[in-house]
Each structure stands twice: as structure tokens, then as C-alpha cells.
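Everything on this sheet refers to the single structure shown next.
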Amino acid sequence: MSTCHVTSAAATSSVASIVAGKPLPREHTAQGRVSYNPARLDEAVAEVELVGADGFAAACTAAKAGQQAWADTPAPVRGRTIAAAGRLVEANAERLAALVTREIGKPYAEALGEVREIVDTCDFFIGEGRRLYGQTVPSEMPDKQLLTFREPVGVVAVVTAGNFPVAVPAWYIVPALLCGNAVVWKPAEYAAASAAALYELLSRAGLPEGVLNIVHADGEQTFAGLEKALAAGTVDKIGFTGSSQVGTRIGELAGRHLQSPCLELGGKNPLVVAPDADLDLAVEGALFAGFGSAGQRCTSLGTLIVHESVADDFLARFTAAVDAATIGEPTRQVLYGPLLNRRFAERFEEYLTWIRPHHTVHGHARPGRITAAHPRAGFVGDPDTGLYYHPVVVSGVHPDDRLFLEETFGPLVGVTTYREFDEAVKLANAPGYGLSAAVYTNDAHAAFTFRRRVRAGMISVNNSTSGAEAHLPFGGNGRSGNGSRQSGVWVLDQFTRWQSMNWDYSGRLQKAQMDTAETVADLDYRLS
């Protein structure tokens, strides 16, 4: 077991090798929080020291002190620092992915893909160091020049969840640093070792002291620390990934200080199967979207909306694919491994109580935790050692069911049917989330109508609801976010502020809209 110490602007991180430690009886200790391998619950991965609100606020103060010098560093030089970070992550990709698998139970192939996403993000933003373009704008008056500039916002407080413990933080940290901001990052306590490893790699890329800071705290102390820092003027932007409920609180807090946070929240992502869909392709996409990462992605499939003419055929194929999927030890070739930790397992068991008598459960007759006494055919490994759960497919879901309306973070997919395309669109929008949505169809008119009328920030056609690329905007609307976007050039608007400048070199005061030159037009002229 490693002990991860709080690292702020004035401290240097010291993270020991991540090795198996003695079992610890609980996730809270006198020192702080322990993360456990969810595939082997008797194996502690890391213990992290937690700070209170004052400690969080102090890190923001220290970051504020170091930010201006970093902003004064030429943007192309900052880009080279991001390039170095990408190379460091790439060189350590296998070790970082293995640590992610060990700490949160994500299958190794997916963990390696997550690490690759950091590299892609760094590669994209290398060039943005030379492309933080402003504009020169013509003036309405002579001998006067108008210009615009992108300036860093200042200190960015980043609070992230642990289901993507390294990729999602990079979505915030990399562009924020590239733009000249200082960052205070609060990762999930149950993914502390992964966070510490990413911090180590980024901090060794040549960042000056105080520019990137990592602070471990629980949710309430983080919120209280943000309140203190905002009141003191030491936080200029909040980036938050997590639940819609907490995101609402963050949005209210930022709004009181006239700030607009970058919020990436939950999802109830629909996947529509049209009557002309390639059903085998749709089954493959739904299987990955619904059960990849054990359904613990914000973009995981929530509800399948299937045309009634193909519903029986599709459901038979889909449930057969779910039954045949390999589940188990995340270091093996599996569709998914354990849930993230005990807290998420307990919450998932609550979601299972939302199954009502009018629903039909497909697959295992008694959904719940996989154990030797409650087995799954083809399970890989020892189920009793980890937080493994049966995949659940529930048909007969109604639009007023909690299973339809609320995010169910875990391996559970609801199924409902539709007759007319307008009904499918209405069902897709009904829960009020707006992160990701997919449609399987070969009808271009249907695909583009779906794109125009579904309120999700990301639309997939003949692909799953999950999957992001570093050069496209990522983010949601409604209960999924406040319209802010991550990734690509669009995220630059989150971490820079526009500044305009007018330079009058005429030698006299020229007043806009008053001293402008005019041409004279004969607007009464008509052709003979």
C-alpha cells in the first residue's frame, strides 16, 4: 500500500511504489481514506491524507501566487511543456493503465484506452500553444486599430470523479495549463493512487512550482474550501465532473460569485433502434454502451428505445449477447469487471429495488451480486473476492418509471418500444438529461432529424453512446451539464477570457458611433 500525501504549490509529492498491502477493515481511517482493489477487497491500494476546507483554500492561495509567472511564459513554450507531459504519459502508459485497473477495476484494455486519451489530448493541445489566436478587426474610424486577445482566467479548481480517474482530469488540466492558468485538482479519494501517478507524470514535464497542485479532501470539505476560495478571490473557474445533484450545488455556488463553471454531469443516454437498423450492429453497440466499464460511464446506455416491429427480434439477440458476455477479473479479457467501490455497489443495489411488477427481467432470475452462491456462467476468476454484479436487462419500462427517468450507474439497461419516429424523439428527451444519444438507422433523413431534435450534446449514428475523441467537444445540456464543452478548441473558451483593445494613433479623440465617416447613397434611384 502507498500513502499519498497532499501536494500543493509549496510541497513536493513523494509517491511510493504501488504494492499490495495488508488488508484494512474500512475505507476511513484516522489518517484519511483508503482505496481498495474492488476486484480483491482485502487488498488496500493507497491511503490518502485528507485536508479540510482551510487546506483546500490554502492550495488555491498558493496557486494564485504562482499563476502570473506561468501566464507570462510564452504560449508556444507552454505547448512544449504539454508535449513533454504527453511523452511521459505515453512512456508510462502500461504501468498507469495497470494501476487504474487495480484501483477501480476497469478492464485493462479500457484502462489502456483511457491513458491513450491523455496522450491524444496532449498531442492536440501542443499545437494550440501556437494557435491561441486573437483577431485584428477593422475600425469604423481612420488611424485606429482594434484587436482581441485570449487571456487565462487565473486559477482553475478541478474536481473529478473516479470512474475515469486519469483521462477526465486531463481534459481539464491540460488545456487549463496550456492557456496559462494554475490548477488545483481534487481527485476522487477512492482513486487516489491513480491520481497521484498522473500528478507525478504531469509535474515532471517542466511545470514551475505552484502551477499544478493536487489536494485530497472529502466532498463537503471541498465544497466549503471552494466557498472560502471564491470569497477570497483565489479561484477564477471551477471544473466539475460528477453527479447532477452535486453539479447543481457547484453551479449555485459559482453563480453567487458571478462565475460560470464547466460542468460535466450524469446521463440517461438513449439508444434508438429504427425498423431499418442493422440489428447485429445495434446489439454490438448496445452491449458495449450498456455494460462496458460495468455501466459506470457518464455516457453509458440508459434506455434502449426499439421500434415495435423489431423489438422481439432485437431483444432476443441482445439478451443472448449479454448472457454470452464474459465478466470477471479485470486483468483478463472481459466485458466488465467489478463496480468501483462499496459505495457504488450499495447504490446499485438500491437501483435494483426500482424494478416493478410490470417489468420483465432478462438473464439471471435474481439480479444482484455475483458470488459462488449466486453464480454467473462463464465468470472469470473468483467472484467472492470482488464487487461483481450480474448484468441486468429490464424490458417493459414506462416513461414514468424511475428506471426510465433516473441515471442508474451500473450494469443495468432498460428497454421500451415506440411506433412513430416522433415518439422515439420524445422518449429520448423525456428524462431531461442531455449528454449522449445514439440512433441505429440507414435512413439519412431519420438520422439528421434525430440529430436536430434530440437535445443531447453528442449524437452517434450507428455507433454506441460511449466514445469520445480529443478533437471533438464533449459535454451535455439539461441535467447533464450547463452547456460547457470539454475537448478540442471549444474548451479554450472555458479557460480563457476574451479581452479587446482599441489603439487610436490619429492624435485626436475619435468617438465611436459619433465621429465615423459616412458615404452618401441615392436610395431613391430606380432603373428606367
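To be explicit about the labels: the chains of the C-alpha cells are called A, B, and onward in the order shown, and within each one the residues are counted from 1, while ligands get numbers from 1 in the order they are shown.
Excluding Arg366 of chain A and any residue on its chain fewer than 6 positions from it, the residues at most 12 Å away by only C-alpha atoms are Glu349, Leu352, Thr353, Ile355, Thr360, Ala373, His374, Pro375, Arg376, Tyr389, His390, Pro391, Val392 and Val393 of chain A.
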Residue list (strand (DSSP E or B), DSSP) for segment 220-401 of chain A, as a PyMOL selection string
chain A and resi 237-241+262-264+269-273+301-307+327-328+336+360-362+369+380+389+392-395
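Taking atom CA of Val211 of chain A and atom CA of Ser244 of chain A as the two end points, the separation is 29.0 Å.
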Among the residues of segment 341-466 of chain A, find those DSSP assigns to alpha helix (DSSP H) from the backbone and print them as a ChimeraX atom specification.
/A:342-352,402-405,421-429,444-453
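The space between atom CA of Ile118 of chain A and atom CA of Val166 of chain A spans 7.5 Å.
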Write out as a PyMOL selection string the residues lying within 10 Å of Leu146 of chain A, counting only C-alpha atoms and excluding same-chain residues fewer than 3 positions away.
chain A and resi 135-140+500-504
Could you write out that same residue set with N, CA and C atoms as a short mmCIF file (atom, residue, chain, number, x, y, z; two decimals), in the first residue's frame?
data_model
loop_
_atom_site.label_atom_id
_atom_site.label_comp_id
_atom_site.auth_asym_id
_atom_site.auth_seq_id
_atom_site.Cartn_x
_atom_site.Cartn_y
_atom_site.Cartn_z
N GLN A 135 -7.81 38.28 -32.93
CA GLN A 135 -8.10 38.81 -34.25
C GLN A 135 -7.74 40.30 -34.30
N THR A 136 -7.40 40.74 -35.49
CA THR A 136 -7.36 42.19 -35.74
C THR A 136 -8.64 42.53 -36.48
N VAL A 137 -9.29 43.59 -36.04
CA VAL A 137 -10.63 43.93 -36.53
C VAL A 137 -10.60 45.34 -37.09
N PRO A 138 -11.14 45.57 -38.28
CA PRO A 138 -11.13 46.93 -38.83
C PRO A 138 -11.99 47.88 -38.01
N SER A 139 -11.50 49.08 -37.82
CA SER A 139 -12.25 50.10 -37.09
C SER A 139 -13.14 50.89 -38.03
N GLU A 140 -14.18 51.50 -37.48
CA GLU A 140 -15.05 52.36 -38.29
C GLU A 140 -14.46 53.76 -38.45
N SER A 500 -10.58 42.77 -25.41
CA SER A 500 -10.48 43.60 -26.62
C SER A 500 -9.62 44.83 -26.33
N MET A 501 -9.01 45.34 -27.37
CA MET A 501 -8.13 46.51 -27.25
C MET A 501 -8.34 47.41 -28.45
N ASN A 502 -8.51 48.71 -28.20
CA ASN A 502 -8.52 49.64 -29.33
C ASN A 502 -7.36 50.62 -29.18
N TRP A 503 -6.67 50.84 -30.27
CA TRP A 503 -5.47 51.68 -30.30
C TRP A 503 -5.69 52.78 -31.33
N ASP A 504 -5.85 53.99 -30.83
CA ASP A 504 -6.07 55.14 -31.69
C ASP A 504 -4.76 55.90 -31.84
#
What's around Gly266 of chain A at 8 Å? Count only C-alpha atoms, leave out sequence neighbours fewer than 3 positions away in its own chain, and write the answer as a JSON list (two decimals) with N, CA, C and O atoms, in the first residue's frame.
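The new file part-v6.json reads:
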[["chain", "number", "residue", "atom", "x", "y", "z"],
["A", 242, "GLY", "N", -19.11, 14.96, -12.16],
["A", 242, "GLY", "CA", -19.74, 14.18, -11.11],
["A", 242, "GLY", "C", -21.24, 14.13, -11.30],
["A", 242, "GLY", "O", -21.75, 14.30, -12.42],
["A", 243, "SER", "N", -21.96, 13.94, -10.23],
["A", 243, "SER", "CA", -23.41, 13.76, -10.30],
["A", 243, "SER", "C", -24.12, 15.08, -10.60],
["A", 243, "SER", "O", -23.60, 16.17, -10.32],
["A", 244, "SER", "N", -25.32, 14.95, -11.14],
["A", 244, "SER", "CA", -26.13, 16.14, -11.42],
["A", 244, "SER", "C", -26.50, 16.86, -10.14],
["A", 244, "SER", "O", -26.59, 18.10, -10.11],
["A", 298, "CYS", "N", -20.41, 8.09, -17.62],
["A", 298, "CYS", "CA", -21.48, 9.08, -17.76],
["A", 298, "CYS", "C", -22.19, 8.93, -19.10],
["A", 298, "CYS", "O", -23.34, 9.34, -19.25],
["A", 299, "THR", "N", -21.51, 8.31, -20.07],
["A", 299, "THR", "CA", -22.11, 8.10, -21.39],
["A", 299, "THR", "C", -22.70, 6.69, -21.55],
["A", 299, "THR", "O", -23.06, 6.31, -22.67],
["A", 407, "GLU", "N", -30.67, 8.27, -13.74],
["A", 407, "GLU", "CA", -29.43, 7.58, -14.07],
["A", 407, "GLU", "C", -29.25, 6.38, -13.14],
["A", 407, "GLU", "O", -29.42, 6.50, -11.93],
["A", 433, "TYR", "N", -32.03, 14.68, -19.20],
["A", 433, "TYR", "CA", -30.58, 14.70, -19.37],
["A", 433, "TYR", "C", -30.27, 15.09, -20.82],
["A", 433, "TYR", "O", -31.16, 15.15, -21.66],
["A", 435, "LEU", "N", -26.66, 14.35, -22.44],
["A", 435, "LEU", "CA", -25.24, 14.14, -22.68],
["A", 435, "LEU", "C", -25.00, 13.47, -24.03],
["A", 435, "LEU", "O", -24.43, 14.06, -24.94],
["A", 479, "ARG", "N", -29.89, 18.22, -17.43],
["A", 479, "ARG", "CA", -29.39, 17.60, -16.21],
["A", 479, "ARG", "C", -27.97, 17.05, -16.40],
["A", 479, "ARG", "O", -27.35, 16.60, -15.44],
["A", 480, "SER", "N", -27.46, 17.10, -17.61],
["A", 480, "SER", "CA", -26.11, 16.59, -17.89],
["A", 480, "SER", "C", -25.05, 17.68, -17.89],
["A", 480, "SER", "O", -23.86, 17.37, -18.07],
["A", 481, "GLY", "N", -25.43, 18.92, -17.72],
["A", 481, "GLY", "CA", -24.42, 19.98, -17.72],
["A", 481, "GLY", "C", -25.03, 21.31, -18.09],
["A", 481, "GLY", "O", -26.21, 21.42, -18.41]]
